[in-house]
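**Q** Contents of run.cif (mmCIF, C-alpha atoms) are below:
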data_final
loop_
_atom_site.label_atom_id
_atom_site.label_comp_id
_atom_site.auth_asym_id
_atom_site.auth_seq_id
_atom_site.Cartn_x
_atom_site.Cartn_y
_atom_site.Cartn_z
CA MET A 1 0.00 0.00 0.00
CA THR A 2 1.20 3.51 -0.77
CA ALA A 3 1.63 5.52 2.44
CA VAL A 4 2.70 8.90 1.06
CA GLU A 5 2.48 10.13 -2.50
CA PHE A 6 3.56 13.40 -4.10
CA LYS A 7 2.06 14.23 -7.49
CA SER A 8 3.67 17.04 -9.50
CA VAL A 9 4.28 19.10 -6.37
CA ASN A 10 5.69 22.61 -6.81
CA LYS A 11 6.63 25.14 -4.14
CA LYS A 12 8.34 28.51 -4.45
CA PHE A 13 8.88 30.84 -1.52
CA PRO A 14 8.41 34.60 -1.97
CA GLY A 15 11.62 36.50 -2.72
CA THR A 16 13.49 33.48 -4.06
CA GLY A 17 14.53 32.96 -7.66
CA TYR A 18 14.10 29.20 -7.65
CA LYS A 19 11.60 26.53 -6.71
CA ALA A 20 12.03 24.74 -3.39
CA LEU A 21 10.12 21.85 -4.97
CA ASP A 22 10.16 21.50 -8.73
CA ASP A 23 7.54 19.12 -10.14
CA VAL A 24 8.16 16.44 -7.51
CA SER A 25 6.40 13.11 -8.00
CA ILE A 26 7.17 10.09 -5.84
CA ALA A 27 5.24 7.26 -4.16
CA ILE A 28 6.45 5.85 -0.83
CA ASP A 29 5.22 2.40 0.20
CA GLU A 30 3.98 1.67 3.68
CA GLY A 31 6.71 0.37 5.98
CA GLU A 32 9.66 1.98 4.20
CA PHE A 33 12.38 3.89 6.03
CA VAL A 34 13.06 6.58 3.45
CA THR A 35 16.03 8.87 3.99
CA ILE A 36 15.97 12.15 2.07
CA LEU A 37 19.46 13.34 1.23
CA GLY A 38 20.72 16.60 -0.21
CA SER A 39 22.61 19.78 0.52
CA SER A 40 21.08 22.77 2.29
CA GLY A 41 18.37 24.41 0.23
CA CYS A 42 17.68 21.40 -1.99
CA GLY A 43 14.06 21.11 -0.82
CA LYS A 44 14.22 18.07 1.44
CA THR A 45 12.70 19.74 4.52
CA THR A 46 10.11 21.52 2.40
CA LEU A 47 9.11 18.14 0.99
CA ILE A 48 8.24 16.54 4.33
CA LYS A 49 6.54 19.70 5.59
CA THR A 50 3.99 19.42 2.80
CA VAL A 51 2.90 16.09 4.32
CA ASN A 52 1.78 17.62 7.64
CA ARG A 53 0.69 20.89 5.99
CA ILE A 54 3.26 23.15 7.61
CA TYR A 55 3.78 24.17 3.98
CA GLN A 56 1.15 24.05 1.28
CA PRO A 57 2.18 23.34 -2.32
CA ASP A 58 1.65 26.03 -4.94
CA SER A 59 0.44 23.23 -7.21
CA GLY A 60 0.23 19.46 -7.18
CA GLU A 61 -1.15 17.08 -4.58
CA VAL A 62 0.13 15.24 -1.52
CA TYR A 63 -1.68 12.08 -0.43
CA LEU A 64 -1.55 10.25 2.89
CA PHE A 65 -2.83 6.69 2.49
CA GLY A 66 -4.77 7.75 -0.60
CA LYS A 67 -6.37 10.87 0.89
CA ASP A 68 -5.41 14.39 -0.19
CA VAL A 69 -3.91 16.07 2.89
CA LEU A 70 -5.55 19.38 1.88
CA SER A 71 -8.95 17.76 2.39
CA GLU A 72 -8.26 17.24 6.09
CA ASP A 73 -8.27 19.58 9.05
CA PRO A 74 -4.56 20.38 9.59
CA VAL A 75 -4.74 19.99 13.37
CA GLN A 76 -6.36 16.56 13.13
CA LEU A 77 -3.91 15.60 10.40
CA ARG A 78 -0.87 16.51 12.50
CA ARG A 79 -2.12 14.50 15.44
CA ARG A 80 -1.89 11.40 13.24
CA ILE A 81 1.66 12.10 12.05
CA GLY A 82 4.77 11.88 14.21
CA TYR A 83 7.11 14.84 13.81
CA VAL A 84 10.64 15.09 15.21
CA ILE A 85 13.03 17.98 14.60
CA GLN A 86 16.57 18.85 15.60
CA GLN A 87 15.37 21.62 17.94
CA ILE A 88 13.35 19.23 20.07
CA GLY A 89 11.03 21.83 21.60
CA LEU A 90 10.47 20.21 25.00
CA PHE A 91 8.49 22.33 27.44
CA PRO A 92 11.05 23.29 30.13
CA HIS A 93 8.47 23.67 32.92
CA MET A 94 7.01 20.19 32.34
CA THR A 95 8.34 16.81 33.41
CA VAL A 96 9.39 14.17 30.92
CA ARG A 97 6.12 12.36 31.59
CA ASP A 98 4.03 15.46 30.85
CA ASN A 99 6.07 16.38 27.77
CA ILE A 100 5.47 12.94 26.28
CA ALA A 101 1.80 13.05 27.29
CA THR A 102 1.05 16.33 25.48
CA ILE A 103 -1.05 14.86 22.65
CA PRO A 104 -2.61 12.03 24.72
CA LYS A 105 -3.94 14.70 27.12
CA ILE A 106 -5.45 16.62 24.20
CA LEU A 107 -7.02 13.34 23.04
CA LYS A 108 -8.39 12.90 26.57
CA TRP A 109 -6.72 9.61 27.37
CA ASP A 110 -7.30 8.62 31.00
CA LYS A 111 -4.43 8.96 33.46
CA SER A 112 -3.76 5.24 33.85
CA ARG A 113 -3.49 4.79 30.07
CA ILE A 114 -1.16 7.77 29.81
CA ASP A 115 1.07 6.47 32.60
CA THR A 116 1.22 2.99 31.07
CA GLU A 117 2.02 4.29 27.58
CA VAL A 118 4.61 6.82 28.80
CA ASP A 119 6.48 4.07 30.62
CA ARG A 120 6.24 1.78 27.60
CA ILE A 121 7.53 4.39 25.19
CA LEU A 122 10.36 5.44 27.54
CA SER A 123 11.49 1.82 27.65
CA LEU A 124 11.28 1.67 23.86
CA VAL A 125 13.76 4.56 23.54
CA ARG A 126 15.93 2.96 26.22
CA LEU A 127 15.31 5.33 29.10
CA ASP A 128 14.37 3.80 32.46
CA PRO A 129 10.86 5.12 33.30
CA LYS A 130 11.51 5.15 37.04
CA GLU A 131 14.64 7.22 36.55
CA PHE A 132 13.45 9.62 33.88
CA ARG A 133 9.67 10.14 33.95
CA ASN A 134 9.78 12.86 36.65
CA ARG A 135 12.87 14.69 35.42
CA TYR A 136 12.76 18.07 33.69
CA PRO A 137 14.40 18.81 30.33
CA ALA A 138 17.20 20.80 31.96
CA GLN A 139 18.20 17.65 33.84
CA LEU A 140 18.76 15.71 30.61
CA SER A 141 21.69 15.48 28.22
CA GLY A 142 21.23 16.42 24.57
CA GLY A 143 20.94 12.78 23.55
CA GLN A 144 18.38 12.10 26.28
CA GLN A 145 16.33 15.12 25.22
CA GLN A 146 16.33 13.83 21.65
CA ARG A 147 15.05 10.47 22.90
CA ILE A 148 12.20 12.27 24.70
CA GLY A 149 11.34 14.13 21.49
CA LEU A 150 11.21 10.80 19.68
CA ALA A 151 9.09 9.25 22.45
CA ARG A 152 6.63 12.15 22.28
CA ALA A 153 6.22 11.61 18.53
CA LEU A 154 5.79 7.84 18.89
CA ILE A 155 3.33 7.63 21.78
CA CYS A 156 0.17 7.93 19.70
CA ASP A 157 1.41 5.20 17.35
CA PRO A 158 1.42 7.25 14.13
CA LYS A 159 1.49 5.39 10.84
CA VAL A 160 3.89 7.98 9.41
CA MET A 161 6.88 9.60 11.09
CA LEU A 162 8.54 12.74 9.74
CA LEU A 163 12.06 13.30 11.07
CA ASP A 164 13.90 16.48 10.10
CA GLU A 165 17.63 16.05 10.83
CA PRO A 166 16.77 14.89 14.37
CA PHE A 167 20.35 13.88 15.26
CA GLY A 168 22.12 16.83 13.65
CA ALA A 169 23.19 18.43 16.94
CA ILE A 170 24.20 15.19 18.68
CA ASP A 171 27.81 14.10 19.15
CA ALA A 172 29.07 11.23 16.99
CA ILE A 173 28.94 8.51 19.68
CA ASN A 174 25.38 9.27 20.81
CA ARG A 175 24.31 9.84 17.22
CA GLU A 176 25.31 6.30 16.27
CA LYS A 177 23.46 4.91 19.30
CA LEU A 178 20.33 6.86 18.38
CA GLN A 179 20.56 5.67 14.78
CA LYS A 180 20.68 2.05 15.95
CA GLU A 181 17.74 2.56 18.28
CA LEU A 182 15.67 4.31 15.64
CA LYS A 183 16.34 1.57 13.09
CA ALA A 184 15.36 -1.07 15.66
CA ILE A 185 12.16 0.81 16.53
CA HIS A 186 11.27 1.07 12.86
CA SER A 187 11.91 -2.65 12.32
CA GLN A 188 9.56 -3.49 15.20
CA SER A 189 6.83 -1.05 14.22
CA LYS A 190 6.72 -1.44 10.41
CA LYS A 191 5.62 2.20 10.21
CA THR A 192 6.63 4.56 7.42
CA TYR A 193 9.52 6.92 8.19
CA LEU A 194 10.63 9.96 6.16
CA PHE A 195 14.01 11.05 7.53
CA VAL A 196 15.74 14.22 6.29
CA THR A 197 19.53 14.36 6.48
CA HIS A 198 22.50 16.01 4.79
CA ASP A 199 24.78 13.23 6.08
CA ILE A 200 25.47 10.65 3.35
CA GLN A 201 26.60 7.99 5.80
CA GLU A 202 23.43 8.41 7.87
CA ALA A 203 21.24 8.24 4.76
CA PHE A 204 22.77 4.99 3.53
CA ARG A 205 22.95 3.39 6.97
CA LEU A 206 19.31 3.99 7.87
CA GLY A 207 17.34 4.03 4.64
CA THR A 208 15.60 1.04 3.13
CA LYS A 209 15.38 3.51 0.26
CA VAL A 210 17.14 6.82 -0.32
CA VAL A 211 15.83 9.95 -2.04
CA ILE A 212 18.58 12.14 -3.46
CA MET A 213 17.52 15.73 -4.12
CA ASN A 214 19.16 18.73 -5.77
CA LYS A 215 17.67 22.15 -6.52
CA GLY A 216 14.14 21.10 -5.69
CA ARG A 217 14.13 17.98 -7.85
CA ILE A 218 14.36 14.29 -7.07
CA LEU A 219 17.32 12.83 -8.94
CA GLN A 220 17.01 9.25 -7.73
CA TYR A 221 14.84 7.16 -5.41
CA ALA A 222 15.99 3.60 -4.82
CA PRO A 223 17.55 1.20 -2.27
CA PRO A 224 21.13 2.15 -1.34
CA ALA A 225 22.69 -0.78 -3.20
CA GLU A 226 20.86 0.13 -6.39
CA ILE A 227 21.96 3.76 -6.18
CA ILE A 228 25.57 2.65 -5.74
CA ALA A 229 25.38 0.21 -8.64
CA HIS A 230 23.41 2.47 -10.99
CA PRO A 231 23.62 6.18 -10.19
CA ALA A 232 20.92 7.88 -12.24
CA ASP A 233 22.49 11.31 -12.61
CA PRO A 234 25.96 12.92 -12.78
CA PHE A 235 25.24 14.72 -9.49
CA VAL A 236 24.49 11.38 -7.80
CA GLU A 237 27.61 9.84 -9.29
CA LYS A 238 29.77 12.68 -7.99
CA LEU A 239 28.14 12.41 -4.57
CA LEU A 240 28.96 8.70 -4.39
CA ARG A 241 32.55 9.18 -5.56
CA THR A 242 33.33 11.54 -2.70
CA SER A 243 31.62 9.53 0.02
CA ASP A 244 33.34 7.23 2.53
CA ALA A 245 29.84 6.04 3.45
CA VAL A 246 29.53 4.35 0.07
CA LYS A 247 32.95 2.69 0.45
CA ASP A 248 31.84 1.36 3.84
CA TYR A 249 28.59 0.08 2.36
CA VAL A 250 30.35 -1.72 -0.47
CA ALA A 251 32.84 -3.21 1.99
CA GLY A 252 29.98 -4.83 3.89
CA GLY A 253 29.43 -2.22 6.59
CA GLU A 254 25.86 -1.39 5.57
CA GLY A 255 23.24 -1.00 8.26
CA VAL A 256 23.55 -0.17 11.91
#
What is this structure when it is put down as structure tokens?
**A**
Amino acid sequence: MTAVEFKSVNKKFPGTGYKALDDVSIAIDEGEFVTILGSSGCGKTTLIKTVNRIYQPDSGEVYLFGKDVLSEDPVQLRRRIGYVIQQIGLFPHMTVRDNIATIPKILKWDKSRIDTEVDRILSLVRLDPKEFRNRYPAQLSGGQQQRIGLARALICDPKVMLLDEPFGAIDAINREKLQKELKAIHSQSKKTYLFVTHDIQEAFRLGTKVVIMNKGRILQYAPPAEIIAHPADPFVEKLLRTSDAVKDYVAGGEGV
């Protein structure tokens, strides 16, 4: 089943001389972990923000499980989509438990259900509930805060997760740990992930398929091994030639 589909999507921001999205068409199957790779300004963040209607296309359509996202109330739509960003946005005056429970409270879950699900989701992101549920964001490391942001996005069991460079500000050691945990969570959940990154190694390690973008256009969308074997564009070929991530992949170091 197709989870997310973009049909001839165009987006241009006022005051710019180029399109952020230039006639983008792509269909993403349910259960894929799709990494979206490209340099700054290539349109990758704009692309995922059309899914949860933070941005609206100038033309074209975006479908979520066959339904045009513009036909839905944006607030209701966003409650069904997980969204994780680099600037985690935890509420500093609220405990970890209450930060994670933000949407469940809006949905009027009862307290016992919230407590059960918060503890379950904390365990899923490898944070001991007894140790962490009553802490405040200021008492957490950067990596721990990012785990809480991920837990908050996962608690309502969204079918689609949008992740916009979530590990960009994390040190290399914790970043690799978080990558492993995220890949394990995805494998268990079979949900659809769209993960924006400018890190080639991260894109090839995590993605079941990789989107490579440049100047608002999709140059290639395929599994990592296929991209390596058959780059579809000179830009893609140049990207692969300069990447140690590709050498590691070919040498048998794929996956995390």
**Q** Using only C-alpha atoms, find the one residue out of A:Arg175, A:Ile85, A:Lys215, A:Pro74 that sits nearest to Lys12 of chain A.
**A**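 Ranked by minimum distance to Lys12 of chain A, first place goes to A:Lys215.
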**Q** Nearest to Cys156 of chain A among A:Ile26, A:Ala229, A:Ala20, A:Val118, with distances taken over only C-alpha atoms: which residue is it?
**A**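 Nearest to Cys156 of chain A: A:Val118.
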**Q** Run the PyMOL selection byres ((chain A and resi 159) around 6) on the file and write out the hits as an MDAnalysis selection string.
**A** chainID A and resid 158 160 191
**Q** Let me know the residues the PyMOL selection byres ((chain A and resi 125) around 7) catches in the file above, as an MDAnalysis selection string.
**A** chainID A and resid 121:124 126:127 147 151 181
**Q** A:Glu32, A:Asp157, A:Glu5, A:Asp58: which is nearest Val210 of chain A, counting all atoms listed in the file?
**A** A:Glu32
**Q** For the file shown, what are the residues hit by the PyMOL selection byres ((chain A and resi 193-206) around 7), laid out as a PyMOL selection string?
**A** chain A and resi 32-39+44-45+160-165+183+191-192+207-208+210+224+245+254-256
**Q** Smallest atom-to-atom distance to Gln145 of chain A: which of A:Arg120, A:Arg113, A:Ile170, A:Thr50, using only C-alpha atoms?
**A**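 Looking at the shortest contact to Gln145 of chain A, the residue is A:Ile170.
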**Q** Quote the spacing between atom CA of Gln56 of chain A and atom CA of Gln86 of chain A in Å to one decimal place.
**A**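 Atom-to-atom, atom CA of Gln56 of chain A to atom CA of Gln86 of chain A, that is 21.7 Å.
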**Q** Of the candidates A:Phe167, A:Met94, A:Ser25, A:Asn52, which one gets nearest to Ser71 of chain A if we count only C-alpha atoms?
**A**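 Using only C-alpha atoms, the shortest distance to Ser71 of chain A belongs to A:Asn52.
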**Q** To one decimal place, how far is atom CA of Arg217 of chain A from atom CA of Cys42 of chain A in Å?
**A** 7.7 Å
**Q** Around (1.9, 11.4, 28.1), as given in the file, which residues come within 7 Å? Count only C-alpha atoms and list them as a PyMOL selection string.
**A** chain A and resi 97-102+104-105+114-115+118
**Q** What does the structure give for the distance between atom CA of Leu182 of chain A and atom CA of Asn134 of chain A, in Å to one decimal?
**A** 23.4 Å
**Q** Smallest atom-to-atom distance to Pro137 of chain A: which of A:Pro92, A:Gly66, A:Pro14, A:Pro166, using all atoms listed in the file?
**A** A:Pro92
**Q** Mind listing whatever residues come within 9 Å of the point (-0.1, 15.0, -2.8)? Use all atoms listed in the file, file coordinates, and give them as a list in words.
**A**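 The answer, in the requested form, is Val4, Glu5, Phe6, Lys7, Ser8, Val9, Ser25, Thr50, Val51, Pro57, Gly60, Glu61, Val62, Tyr63, Leu64, Gly66, Lys67, Asp68, Val69 and Leu70 of chain A.
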**Q** Write out as a VMD selection string each polymer residue whose atoms come within 10 Å of Ala138 of chain A, counting all atoms listed in the file; drop sequence neighbours fewer than 4 positions from it.
**A** chain A and resid 90 to 93 95 142 145
